[in-house]
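K.L.:
Contents of protein_21.tsv (TSV, C-alpha atoms and all ligand atoms) are given next:
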```
chain	number	residue	atom	x	y	z
A	154	MET	CA	-18.53	-16.41	-15.54
A	155	ASN	CA	-17.59	-13.31	-17.55
A	156	VAL	CA	-14.84	-11.32	-15.86
A	157	VAL	CA	-13.55	-7.84	-16.74
A	158	SER	CA	-10.29	-6.63	-15.24
A	159	LEU	CA	-9.13	-3.00	-15.19
A	160	ALA	CA	-5.37	-2.82	-15.56
A	161	GLY	CA	-2.31	-0.59	-15.58
A	162	GLY	CA	1.23	-1.82	-16.22
A	163	ILE	CA	3.62	-3.97	-14.17
A	164	GLY	CA	1.44	-4.65	-11.10
A	165	ALA	CA	-1.50	-5.52	-13.33
A	166	ALA	CA	0.57	-7.79	-15.57
A	167	ARG	CA	1.91	-9.76	-12.59
A	168	PHE	CA	-1.61	-10.10	-11.16
A	169	LEU	CA	-3.03	-11.17	-14.54
A	170	ARG	CA	-0.52	-14.06	-14.67
A	171	GLY	CA	-2.52	-15.38	-11.71
A	172	LEU	CA	-5.97	-14.29	-12.87
A	173	VAL	CA	-5.66	-16.33	-16.09
A	174	ARG	CA	-5.18	-19.38	-13.83
A	175	ALA	CA	-8.01	-18.45	-11.44
A	176	VAL	CA	-10.70	-17.90	-14.10
A	177	ASP	CA	-11.35	-19.16	-17.62
A	178	PRO	CA	-9.27	-16.77	-19.76
A	179	ALA	CA	-11.68	-17.27	-22.67
A	180	SER	CA	-14.28	-15.40	-20.57
A	181	LEU	CA	-11.83	-12.69	-19.45
A	182	THR	CA	-11.53	-9.18	-20.89
A	183	VAL	CA	-8.69	-6.93	-19.74
A	184	VAL	CA	-9.24	-3.17	-20.13
A	185	ALA	CA	-5.95	-1.28	-20.05
A	186	ASN	CA	-5.08	2.31	-19.25
A	187	THR	CA	-3.88	4.44	-22.18
A	188	GLY	CA	-3.27	7.67	-20.25
A	189	ASP	CA	0.49	6.90	-20.21
A	190	ASP	CA	0.55	6.71	-24.02
A	191	LEU	CA	2.79	9.08	-25.93
A	192	ALA	CA	4.20	9.65	-29.41
A	193	ILE	CA	7.95	8.94	-29.75
A	194	HIS	CA	9.67	9.17	-33.18
A	195	GLY	CA	6.16	9.36	-34.66
A	196	LEU	CA	5.22	6.00	-33.12
A	197	HIS	CA	2.28	5.45	-30.78
A	198	VAL	CA	3.71	4.04	-27.55
A	199	SER	CA	1.23	2.26	-25.23
A	200	PRO	CA	3.31	1.16	-22.22
A	201	ASP	CA	0.50	-0.52	-20.29
A	202	LEU	CA	-0.89	-2.47	-23.27
A	203	ASP	CA	2.64	-3.61	-24.17
A	204	THR	CA	3.65	-4.48	-20.60
A	205	ILE	CA	0.56	-6.71	-20.31
A	206	THR	CA	1.15	-8.24	-23.75
A	207	TYR	CA	4.85	-8.96	-23.22
A	208	THR	CA	4.34	-10.31	-19.67
A	209	LEU	CA	1.44	-12.62	-20.47
A	210	GLY	CA	3.01	-13.55	-23.80
A	211	GLY	CA	6.26	-14.57	-22.09
A	212	GLY	CA	8.45	-11.90	-23.71
A	213	VAL	CA	8.84	-9.22	-21.06
A	214	HIS	CA	12.22	-8.08	-19.75
A	215	PRO	CA	12.26	-10.02	-16.48
A	216	GLU	CA	14.04	-7.57	-14.16
A	217	GLN	CA	12.70	-4.36	-15.64
A	218	GLY	CA	9.08	-5.54	-15.82
A	219	TRP	CA	8.43	-3.56	-19.03
A	220	GLY	CA	9.93	-3.73	-22.53
A	221	ARG	CA	11.23	-6.83	-24.28
A	222	ALA	CA	13.49	-9.58	-23.00
A	223	GLU	CA	16.78	-9.95	-24.90
A	224	GLU	CA	16.39	-6.41	-26.21
A	225	THR	CA	18.99	-4.61	-28.35
A	226	PHE	CA	19.30	-0.89	-29.11
A	227	THR	CA	20.77	-0.51	-32.61
A	228	VAL	CA	17.97	1.77	-33.83
A	229	ALA	CA	18.10	3.91	-30.67
A	230	ALA	CA	21.88	4.41	-31.13
A	231	GLU	CA	21.38	5.50	-34.76
A	232	LEU	CA	18.54	7.86	-33.81
A	233	LYS	CA	20.73	9.52	-31.19
A	234	GLY	CA	24.16	9.34	-32.85
A	235	ARG	CA	23.29	10.06	-36.48
A	236	TYR	CA	20.10	12.09	-36.15
A	237	GLY	CA	20.55	13.77	-32.77
A	238	GLN	CA	17.10	12.68	-31.65
A	239	PRO	CA	16.11	12.94	-27.99
A	240	ASP	CA	16.70	9.72	-26.05
A	241	TRP	CA	14.98	10.31	-22.72
A	242	PHE	CA	12.42	7.65	-23.66
A	243	THR	CA	14.08	4.74	-25.44
A	244	LEU	CA	12.50	2.11	-27.69
A	245	GLY	CA	14.51	-1.07	-28.18
A	246	ASP	CA	14.73	-2.87	-31.52
A	247	ARG	CA	12.29	-5.68	-30.72
A	248	ASP	CA	9.89	-3.21	-29.13
A	249	ILE	CA	10.07	-1.10	-32.30
A	250	ALA	CA	8.75	-4.08	-34.27
A	251	THR	CA	5.61	-4.00	-32.10
A	252	HIS	CA	5.34	-0.27	-32.73
A	253	LEU	CA	5.71	-0.69	-36.49
A	254	VAL	CA	2.82	-3.18	-36.50
A	255	ARG	CA	0.72	-0.74	-34.46
A	256	ALA	CA	1.66	2.10	-36.85
A	257	ARG	CA	0.73	0.01	-39.88
A	258	VAL	CA	-2.74	-0.88	-38.54
A	259	ILE	CA	-3.45	2.71	-37.47
A	260	GLY	CA	-1.97	4.09	-40.70
A	261	GLU	CA	-4.41	1.95	-42.69
A	262	GLY	CA	-7.31	3.56	-40.82
A	263	GLY	CA	-7.57	1.09	-37.95
A	264	THR	CA	-8.08	2.02	-34.32
A	265	LEU	CA	-5.84	1.39	-31.33
A	266	THR	CA	-8.31	-1.39	-30.48
A	267	ASP	CA	-7.66	-2.97	-33.92
A	268	ALA	CA	-3.89	-2.65	-33.52
A	269	THR	CA	-4.06	-4.17	-30.04
A	270	ARG	CA	-6.03	-7.16	-31.36
A	271	THR	CA	-3.40	-7.77	-34.06
A	272	ILE	CA	-0.51	-7.55	-31.59
A	273	ALA	CA	-2.23	-9.61	-28.86
A	274	SER	CA	-3.01	-12.37	-31.33
A	275	ALA	CA	0.67	-12.61	-32.36
A	276	TRP	CA	1.50	-13.18	-28.67
A	277	ASP	CA	-1.31	-15.76	-28.30
A	278	LEU	CA	-2.92	-13.95	-25.39
A	279	PRO	CA	-5.71	-16.21	-24.10
A	280	PHE	CA	-8.00	-13.27	-23.12
A	281	ALA	CA	-9.35	-10.18	-24.90
A	282	LEU	CA	-7.11	-7.13	-24.37
A	283	LEU	CA	-8.74	-3.73	-24.95
A	284	PRO	CA	-7.48	-0.16	-24.65
A	285	MET	CA	-9.93	1.84	-22.50
A	286	THR	CA	-10.57	4.28	-25.36
A	287	ASP	CA	-9.59	4.87	-28.98
A	288	ALA	CA	-9.58	8.63	-28.36
A	289	THR	CA	-6.32	10.51	-27.83
A	290	VAL	CA	-5.86	11.15	-24.12
A	291	ALA	CA	-2.79	11.96	-22.02
A	292	THR	CA	-2.15	12.03	-18.30
A	293	ARG	CA	-0.56	15.34	-17.38
A	294	VAL	CA	0.86	16.60	-14.12
A	295	ARG	CA	1.55	20.02	-12.66
A	296	THR	CA	4.67	20.22	-10.55
A	297	SER	CA	4.67	22.28	-7.35
A	298	ASP	CA	6.99	24.74	-9.14
A	299	GLY	CA	4.18	25.35	-11.66
A	300	ARG	CA	5.29	23.35	-14.72
A	301	GLU	CA	2.79	21.22	-16.70
A	302	LEU	CA	4.29	18.02	-18.12
A	303	HIS	CA	3.18	14.80	-19.77
A	304	PHE	CA	3.19	12.07	-17.12
A	305	GLN	CA	6.10	10.31	-18.88
A	306	GLU	CA	8.17	13.53	-19.02
A	307	TRP	CA	7.83	13.77	-15.24
A	308	TRP	CA	8.20	10.04	-14.40
A	309	VAL	CA	10.77	8.88	-16.97
A	310	GLY	CA	12.28	12.19	-18.17
A	311	GLU	CA	12.76	13.75	-14.73
A	312	ARG	CA	12.72	10.58	-12.55
A	313	ALA	CA	9.76	12.07	-10.62
A	314	ALA	CA	12.11	14.58	-8.98
A	315	SER	CA	9.49	17.32	-8.49
A	316	PRO	CA	6.45	17.04	-6.20
A	317	ILE	CA	3.07	17.10	-7.97
A	318	ASP	CA	0.09	19.21	-6.93
A	319	ARG	CA	-2.30	18.32	-9.76
A	320	VAL	CA	-2.84	15.36	-12.09
A	321	TRP	CA	-5.45	15.14	-14.83
A	322	LEU	CA	-6.37	13.28	-18.00
A	323	GLU	CA	-6.11	15.64	-20.96
A	324	GLY	CA	-8.86	14.86	-23.47
A	325	GLY	CA	-10.65	12.76	-20.86
A	326	GLU	CA	-13.90	14.76	-20.83
A	327	ASP	CA	-14.41	14.22	-24.56
A	328	ALA	CA	-13.22	10.61	-24.66
A	329	ARG	CA	-15.60	7.66	-24.46
A	330	ALA	CA	-14.88	4.06	-23.66
A	331	THR	CA	-14.96	1.96	-26.81
A	332	ASP	CA	-18.10	-0.04	-27.66
A	333	ALA	CA	-16.08	-3.18	-26.91
A	334	VAL	CA	-15.24	-1.93	-23.39
A	335	VAL	CA	-18.84	-0.94	-22.68
A	336	ALA	CA	-20.16	-4.29	-23.95
A	337	ALA	CA	-17.60	-6.21	-21.87
A	338	ILE	CA	-18.47	-4.38	-18.65
A	339	GLU	CA	-22.21	-4.65	-19.31
A	340	GLY	CA	-21.79	-8.39	-19.84
A	341	ALA	CA	-19.51	-8.93	-16.84
A	342	ASP	CA	-20.52	-11.03	-13.84
A	343	LEU	CA	-17.53	-9.66	-11.94
A	344	VAL	CA	-15.14	-6.73	-12.34
A	345	VAL	CA	-11.64	-7.08	-10.85
A	346	LEU	CA	-9.39	-4.08	-10.23
A	347	CYS	CA	-5.73	-5.05	-10.59
A	348	PRO	CA	-3.24	-3.79	-7.97
A	349	SER	CA	-2.40	-0.83	-10.20
A	350	ASN	CA	-1.82	2.84	-9.59
A	351	PRO	CA	-5.15	4.23	-8.28
A	352	VAL	CA	-4.54	7.66	-9.81
A	353	VAL	CA	-2.84	7.27	-13.20
A	354	SER	CA	-3.93	3.69	-14.06
A	355	ILE	CA	-7.27	2.67	-12.49
A	356	GLY	CA	-8.27	6.31	-11.84
A	357	THR	CA	-7.71	7.16	-15.49
A	358	ILE	CA	-9.88	4.28	-16.70
A	359	LEU	CA	-12.62	5.37	-14.28
A	360	ASP	CA	-12.42	8.87	-15.77
A	361	ILE	CA	-13.49	7.57	-19.18
A	362	ALA	CA	-17.28	7.74	-19.48
A	363	PRO	CA	-19.29	5.65	-18.85
A	364	VAL	CA	-16.93	3.24	-17.01
A	365	ARG	CA	-17.41	4.51	-13.46
A	366	GLU	CA	-21.18	4.69	-13.87
A	367	LEU	CA	-21.33	1.12	-15.24
A	368	LEU	CA	-19.31	-0.22	-12.28
A	369	ARG	CA	-21.96	1.01	-9.80
A	370	ASP	CA	-24.29	-1.73	-11.10
A	371	LYS	CA	-21.66	-4.52	-10.97
A	372	PRO	CA	-19.96	-6.61	-8.32
A	373	VAL	CA	-16.47	-5.08	-8.13
A	374	VAL	CA	-13.50	-6.44	-6.21
A	375	GLY	CA	-10.00	-5.02	-6.14
A	376	VAL	CA	-6.50	-5.70	-4.87
A	377	SER	CA	-4.71	-2.96	-2.95
A	378	PRO	CA	-1.52	-1.67	-4.60
A	379	ILE	CA	-0.41	-0.27	-1.23
A	380	VAL	CA	1.33	-2.73	1.09
A	381	GLY	CA	2.28	-1.78	4.64
A	382	GLY	CA	1.37	1.82	3.86
A	383	ARG	CA	3.91	1.98	1.02
A	384	VAL	CA	3.91	1.60	-2.76
A	385	VAL	CA	5.30	-1.71	-4.01
A	386	ARG	CA	6.77	0.04	-7.08
A	387	GLY	CA	5.98	3.11	-9.13
A	388	MET	CA	4.93	6.53	-7.92
A	389	ALA	CA	1.45	6.28	-6.38
A	390	ASP	CA	2.85	7.74	-3.13
A	391	LYS	CA	3.67	10.95	-5.02
A	392	LEU	CA	0.27	11.12	-6.75
A	393	LEU	CA	-2.25	10.11	-4.06
A	394	PRO	CA	-1.71	13.35	-2.06
A	395	ALA	CA	-2.47	15.34	-5.25
A	396	VAL	CA	-5.96	13.78	-5.32
A	397	GLY	CA	-6.46	14.20	-1.56
A	398	ALA	CA	-6.06	10.53	-0.68
A	399	GLU	CA	-3.95	8.90	2.01
A	400	VAL	CA	-1.15	6.52	0.93
A	401	SER	CA	-2.79	3.46	2.49
A	402	ALA	CA	-4.97	0.47	1.58
A	403	ALA	CA	-7.91	2.32	3.16
A	404	GLY	CA	-7.10	5.54	1.33
A	405	VAL	CA	-7.17	3.77	-2.04
A	406	ALA	CA	-10.42	1.91	-1.19
A	407	GLY	CA	-11.92	5.32	-0.41
A	408	LEU	CA	-11.30	6.44	-3.99
A	409	TYR	CA	-13.54	3.56	-5.16
A	410	ALA	CA	-16.18	3.95	-2.41
A	411	ASP	CA	-19.10	4.54	-4.80
A	412	PHE	CA	-18.83	1.10	-6.45
A	413	LEU	CA	-16.40	-1.15	-4.54
A	414	ASP	CA	-17.77	-4.38	-2.99
A	415	GLY	CA	-14.63	-6.32	-2.03
A	416	TRP	CA	-11.04	-5.23	-1.26
A	417	VAL	CA	-8.04	-7.50	-0.86
A	418	ILE	CA	-5.34	-6.08	1.39
A	419	ASP	CA	-1.96	-7.36	2.51
A	420	THR	CA	-1.40	-9.00	5.91
A	421	ALA	CA	0.84	-5.99	6.68
A	422	ASP	CA	-2.30	-3.81	6.53
A	423	ALA	CA	-4.56	-6.14	8.54
A	424	ALA	CA	-5.04	-3.47	11.22
A	425	SER	CA	-7.03	-1.32	8.75
A	426	ALA	CA	-9.46	-4.12	7.78
A	427	ASP	CA	-12.19	-3.17	10.26
A	428	ALA	CA	-12.13	0.50	9.29
A	429	ILE	CA	-12.56	-0.47	5.63
A	430	ARG	CA	-15.36	-2.94	6.51
A	431	ALA	CA	-17.11	-0.12	8.36
A	432	THR	CA	-17.48	1.66	4.99
A	433	GLY	CA	-19.53	-1.28	3.70
A	434	VAL	CA	-16.77	-3.05	1.75
A	435	ASP	CA	-15.89	-6.74	2.30
A	436	VAL	CA	-12.20	-7.16	3.12
A	437	ALA	CA	-9.92	-10.17	2.57
A	438	VAL	CA	-6.45	-10.18	4.13
A	439	THR	CA	-3.70	-12.19	2.45
A	440	ASP	CA	-0.16	-12.12	1.04
A	441	THR	CA	-0.21	-9.67	-1.90
A	442	MET	CA	3.52	-9.53	-2.73
A	443	MET	CA	3.53	-11.25	-6.14
A	444	VAL	CA	7.02	-12.74	-6.03
A	445	ASP	CA	5.98	-15.63	-8.29
A	446	VAL	CA	3.04	-16.95	-10.32
A	447	ASP	CA	1.80	-19.12	-7.42
A	448	VAL	CA	1.34	-16.07	-5.19
A	449	SER	CA	-0.38	-14.23	-8.07
A	450	THR	CA	-2.71	-17.20	-8.60
A	451	ARG	CA	-3.67	-17.47	-4.92
A	452	LEU	CA	-4.19	-13.71	-4.79
A	453	ALA	CA	-6.44	-13.80	-7.87
A	454	GLU	CA	-8.38	-16.74	-6.42
A	455	THR	CA	-8.92	-14.77	-3.20
A	456	ALA	CA	-10.19	-11.73	-5.12
A	457	VAL	CA	-12.49	-13.72	-7.41
A	458	GLY	CA	-13.80	-15.78	-4.48
A	459	MET	CA	-14.95	-12.79	-2.41
A	501	LIG	N1	10.76	3.65	-18.67
A	501	LIG	C1	11.93	4.29	-18.42
A	501	LIG	O1	12.24	4.55	-17.26
A	501	LIG	N2	12.75	4.66	-19.46
A	501	LIG	C2	12.47	4.39	-20.76
A	501	LIG	O2	13.25	4.74	-21.66
A	501	LIG	C3	11.25	3.67	-21.04
A	501	LIG	C4	10.90	3.29	-22.32
A	501	LIG	C5	9.74	2.53	-22.53
A	501	LIG	C6	9.41	2.07	-23.82
A	501	LIG	C7	8.28	1.33	-24.03
A	501	LIG	C8	7.45	1.00	-22.96
A	501	LIG	O3	6.35	0.25	-23.17
A	501	LIG	C9	7.77	1.42	-21.67
A	501	LIG	C10	8.90	2.19	-21.44
A	501	LIG	N3	9.25	2.64	-20.16
A	501	LIG	C11	10.41	3.32	-19.94
A	501	LIG	C12	8.41	2.29	-19.00
A	501	LIG	C13	7.21	3.13	-18.77
A	501	LIG	O4	6.80	4.01	-19.73
A	501	LIG	C14	6.72	3.57	-17.40
A	501	LIG	O5	7.36	2.93	-16.35
A	501	LIG	C15	5.25	3.36	-17.27
A	501	LIG	O6	4.51	3.96	-18.28
A	501	LIG	C16	4.72	3.77	-15.93
A	501	LIG	O7	3.85	2.81	-15.55
A	502	CA	CA	-20.80	-2.52	-6.78
```
For the structure just supplied, provide its representation as structure tokens.

P.N.:
Amino acid sequence: MNVVSLAGGIGAARFLRGLVRAVDPASLTVVANTGDDLAIHGLHVSPDLDTITYTLGGGVHPEQGWGRAEETFTVAAELKGRYGQPDWFTLGDRDIATHLVRARVIGEGGTLTDATRTIASAWDLPFALLPMTDATVATRVRTSDGRELHFQEWWVGERAASPIDRVWLEGGEDARATDAVVAAIEGADLVVLCPSNPVVSIGTILDIAPVRELLRDKPVVGVSPIVGGRVVRGMADKLLPAVGAEVSAAGVAGLYADFLDGWVIDTADAASADAIRATGVDVAVTDTMMVDVDVSTRLAETAVGM
């Protein structure tokens, strides 16, 4: 069975630790969001690709959930102290090695897809990891006081202090999914949406033509990133209102209404199951708090078994 999974960062990475146990990883393709990507010190930073790679490769910082374990910051200190470079978004030394490999592949004329293949193979990832597009795109937000910022400037730079009234993918209209992404979805027997941010992770991937259109012809199941009407981590609660959606398992399912077939929600949200079923979507209710790999595995088995 060929499976394609659409993924953001931390929530996706934790879910994928289970999905690789629930399905044959050799038949799994993970398509990752690149709307969070940004250039720092001339390096192409791809937080979601790297979070997935480090987590599934066994090298992620365990408490933080992103970046490298056993990280050091010698280069960052030199950049700041000697060169006076901005440090609102910090790359650690080990992480910089990843970025130098990516820069070398892209500098030699390769694509982000090529660079991702090189990096994923060094981490022995057992599945294919693909960026959603090789085009340059960037998630941007408009704050309620009228400023337009890169998503990372708002989330990391300003700690999401300002409310958001608009969010969009710059360059999204002109971007296309890569041939590899299109072929993977066309060949998929099942598409699984990770419990990722429905606006700036899954929503961004859906914005890249022709992903959304392709999903309408496929069995698609997803795991709700909202538990008990709250975000587990991240900032979806600040972004869902900007796209007119409720911060709830049902609200997120509604954003996928045109293609969603199965939706896994937490036991804390069991009361909303019937309302979601009434929209024509199958609902499974289970424990979705991925405190360890066993929970992630059972969750992935539930999603795949719908
Ligand atoms: N998050 C931070 O809060 N501060 C950082 O300095 C930071 C650096 C960073 C470097 C590489 C990387 O892959 C991720 C990094 N993140 C950092 C996390 C991150 O960018 C965001 O949490 C996600 O993009 C949102 O999902
Ligand atoms: Ca469908």

K.L.:
One number please: atom CA of A:Ser180 to atom CA of A:Asp440, in Å, one decimal.

P.N.:
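The value is 26.0 Å.
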
K.L.:
Using all atoms listed in the file, find the one residue out of A:Val417, A:Val438, A:Val213, A:Val374 that sits nearest to ligand CA 502 (chain A).

P.N.:
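Smallest separation from ligand CA 502 (chain A) among the options: A:Val374.
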
K.L.:
Can I get the residues close to ligand CA 502 (chain A) as a list in words, where close means within 8 Å and we count all atoms listed in the file?

P.N.:
Leu368, Arg369, Asp370, Lys371, Pro372, Val373, Asp411, Phe412, Leu413 and Asp414 of chain A

K.L.:
So what do you get for atom CA of A:Trp307 versus atom C5 of ligand LIG 501 (chain A), distance-wise?

P.N.:
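Computing the Euclidean distance for atom CA of A:Trp307 and atom C5 of ligand LIG 501 (chain A) yields 13.5 Å.
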
K.L.:
Which residues are close to stretch 348-358 of chain A, i.e. within 8 Å by only C-alpha atoms, leaving aside same-chain residues fewer than 4 positions away? Reply as a ChimeraX atom specification.

P.N.:
/A:159-165,168,185-186,188-189,285,292,322,364,375-378,387-389,392-393,396,405,408

K.L.:
Name the residues in contact with stretch 241-243 of chain A at a cut-off of 8 Å, using all atoms listed in the file, excluding same-chain residues fewer than 3 positions from it; report them as an MDAnalysis selection string.

P.N.:
chainID A and resid 193 229 309:310

K.L.:
So that I have them on file, write out the residues from the current selection with C-alpha atoms, as an mmCIF file, in the frame of the given file.

P.N.:
```cif
data_model
loop_
_atom_site.group_PDB
_atom_site.id
_atom_site.type_symbol
_atom_site.label_atom_id
_atom_site.label_comp_id
_atom_site.auth_asym_id
_atom_site.auth_seq_id
_atom_site.Cartn_x
_atom_site.Cartn_y
_atom_site.Cartn_z
ATOM 1 C CA ILE A 193 7.950 8.940 -29.750
ATOM 2 C CA ALA A 229 18.100 3.910 -30.670
ATOM 3 C CA VAL A 309 10.770 8.880 -16.970
ATOM 4 C CA GLY A 310 12.280 12.190 -18.170
#
```

K.L.:
For atom C5 of ligand LIG 501 (chain A) and atom CA of A:Glu224, quote the distance in Å rounded to one decimal.

P.N.:
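Separating atom C5 of ligand LIG 501 (chain A) from atom CA of A:Glu224 is a distance of 11.7 Å.
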
K.L.:
I'd like the contact shell of A:Thr251 - 12 Å cut-off, all atoms listed in the file, skipping same-chain residues fewer than 2 positions apart - returned as a VMD selection string.

P.N.:
chain A and resid 196 to 200 202 to 204 206 to 207 212 220 to 221 244 to 249 253 to 258 268 to 269 271 to 273 275 to 276

K.L.:
Which residue, A:Glu231, A:Asp201, A:Asp277, A:Asp419, has the smallest gap to A:Val385 when you use all atoms listed in the file?

P.N.:
A:Asp419

K.L.:
Counting only C-alpha atoms and all ligand atoms, which of A:Thr266, A:Ser425, A:Thr286, A:Gln305 gets nearest to ligand LIG 501 (chain A)?

P.N.:
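Selected residue with least distance to ligand LIG 501 (chain A): A:Gln305.
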
K.L.:
Nearest to A:His252 among A:Val183, A:His194, A:Lys233, A:Thr296, with distances taken over all atoms listed in the file: which residue is it?

P.N.:
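Checking each of A:Val183, A:His194, A:Lys233, A:Thr296 against A:His252, counting all atoms listed in the file, the winner is A:His194.
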
K.L.:
Measuring atom to atom with only C-alpha atoms and all ligand atoms, identify which of A:Val446, A:Ala313, A:Leu232, A:Val400 is nearest to ligand LIG 501 (chain A).

P.N.:
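Under the stated criterion, the closest residue is A:Ala313.
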
K.L.:
With N, CA and C atoms as the goal, would you fill in the gaps in stretch 406-426 of chain A and present it as a PDB file, keeping the file's coordinate frame?

P.N.:
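Okay, this is what ended up in selection-v4.pdb:
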```pdb
ATOM      1  N   ALA A 406      -9.036   2.417  -1.176  1.00  0.00           N
ATOM      2  CA  ALA A 406     -10.420   1.910  -1.190  1.00  0.00           C
ATOM      3  C   ALA A 406     -11.399   3.075  -1.200  1.00  0.00           C
ATOM      4  N   GLY A 407     -11.051   4.141  -0.470  1.00  0.00           N
ATOM      5  CA  GLY A 407     -11.920   5.320  -0.410  1.00  0.00           C
ATOM      6  C   GLY A 407     -12.139   5.963  -1.767  1.00  0.00           C
ATOM      7  N   LEU A 408     -11.145   5.861  -2.645  1.00  0.00           N
ATOM      8  CA  LEU A 408     -11.300   6.440  -3.990  1.00  0.00           C
ATOM      9  C   LEU A 408     -12.333   5.666  -4.819  1.00  0.00           C
ATOM     10  N   TYR A 409     -12.611   4.423  -4.419  1.00  0.00           N
ATOM     11  CA  TYR A 409     -13.540   3.560  -5.160  1.00  0.00           C
ATOM     12  C   TYR A 409     -14.856   3.364  -4.407  1.00  0.00           C
ATOM     13  N   ALA A 410     -15.078   4.191  -3.362  1.00  0.00           N
ATOM     14  CA  ALA A 410     -16.180   3.950  -2.410  1.00  0.00           C
ATOM     15  C   ALA A 410     -17.546   3.819  -3.072  1.00  0.00           C
ATOM     16  N   ASP A 411     -17.760   4.523  -4.186  1.00  0.00           N
ATOM     17  CA  ASP A 411     -19.100   4.540  -4.800  1.00  0.00           C
ATOM     18  C   ASP A 411     -19.448   3.238  -5.524  1.00  0.00           C
ATOM     19  N   PHE A 412     -18.489   2.332  -5.725  1.00  0.00           N
ATOM     20  CA  PHE A 412     -18.830   1.100  -6.450  1.00  0.00           C
ATOM     21  C   PHE A 412     -18.141  -0.155  -5.898  1.00  0.00           C
ATOM     22  N   LEU A 413     -17.203   0.006  -4.962  1.00  0.00           N
ATOM     23  CA  LEU A 413     -16.400  -1.150  -4.540  1.00  0.00           C
ATOM     24  C   LEU A 413     -17.164  -2.072  -3.596  1.00  0.00           C
ATOM     25  N   ASP A 414     -17.089  -3.388  -3.844  1.00  0.00           N
ATOM     26  CA  ASP A 414     -17.770  -4.380  -2.990  1.00  0.00           C
ATOM     27  C   ASP A 414     -16.786  -5.214  -2.175  1.00  0.00           C
ATOM     28  N   GLY A 415     -15.602  -5.501  -2.730  1.00  0.00           N
ATOM     29  CA  GLY A 415     -14.630  -6.320  -2.030  1.00  0.00           C
ATOM     30  C   GLY A 415     -13.225  -5.778  -2.237  1.00  0.00           C
ATOM     31  N   TRP A 416     -12.392  -5.821  -1.198  1.00  0.00           N
ATOM     32  CA  TRP A 416     -11.040  -5.230  -1.260  1.00  0.00           C
ATOM     33  C   TRP A 416     -10.060  -6.191  -0.619  1.00  0.00           C
ATOM     34  N   VAL A 417      -9.061  -6.588  -1.367  1.00  0.00           N
ATOM     35  CA  VAL A 417      -8.040  -7.500  -0.860  1.00  0.00           C
ATOM     36  C   VAL A 417      -6.844  -6.674  -0.405  1.00  0.00           C
ATOM     37  N   ILE A 418      -6.478  -6.830   0.860  1.00  0.00           N
ATOM     38  CA  ILE A 418      -5.340  -6.080   1.390  1.00  0.00           C
ATOM     39  C   ILE A 418      -4.282  -7.046   1.898  1.00  0.00           C
ATOM     40  N   ASP A 419      -3.077  -6.532   2.054  1.00  0.00           N
ATOM     41  CA  ASP A 419      -1.960  -7.360   2.510  1.00  0.00           C
ATOM     42  C   ASP A 419      -2.040  -7.590   4.027  1.00  0.00           C
ATOM     43  N   THR A 420      -1.449  -8.696   4.472  1.00  0.00           N
ATOM     44  CA  THR A 420      -1.400  -9.000   5.910  1.00  0.00           C
ATOM     45  C   THR A 420      -0.738  -7.842   6.672  1.00  0.00           C
ATOM     46  N   ALA A 421       0.178  -7.128   6.029  1.00  0.00           N
ATOM     47  CA  ALA A 421       0.840  -5.990   6.680  1.00  0.00           C
ATOM     48  C   ALA A 421      -0.149  -4.868   7.003  1.00  0.00           C
ATOM     49  N   ASP A 422      -1.309  -4.863   6.319  1.00  0.00           N
ATOM     50  CA  ASP A 422      -2.300  -3.810   6.530  1.00  0.00           C
ATOM     51  C   ASP A 422      -3.535  -4.324   7.271  1.00  0.00           C
ATOM     52  N   ALA A 423      -3.408  -5.505   7.888  1.00  0.00           N
ATOM     53  CA  ALA A 423      -4.560  -6.140   8.540  1.00  0.00           C
ATOM     54  C   ALA A 423      -5.248  -5.216   9.546  1.00  0.00           C
ATOM     55  N   ALA A 424      -4.472  -4.351  10.182  1.00  0.00           N
ATOM     56  CA  ALA A 424      -5.040  -3.470  11.220  1.00  0.00           C
ATOM     57  C   ALA A 424      -6.097  -2.517  10.652  1.00  0.00           C
ATOM     58  N   SER A 425      -6.055  -2.270   9.324  1.00  0.00           N
ATOM     59  CA  SER A 425      -7.030  -1.320   8.750  1.00  0.00           C
ATOM     60  C   SER A 425      -8.283  -2.025   8.224  1.00  0.00           C
ATOM     61  N   ALA A 426      -8.341  -3.375   8.358  1.00  0.00           N
ATOM     62  CA  ALA A 426      -9.460  -4.120   7.780  1.00  0.00           C
ATOM     63  C   ALA A 426     -10.815  -3.668   8.330  1.00  0.00           C
TER      64      ALA A 426
END
```
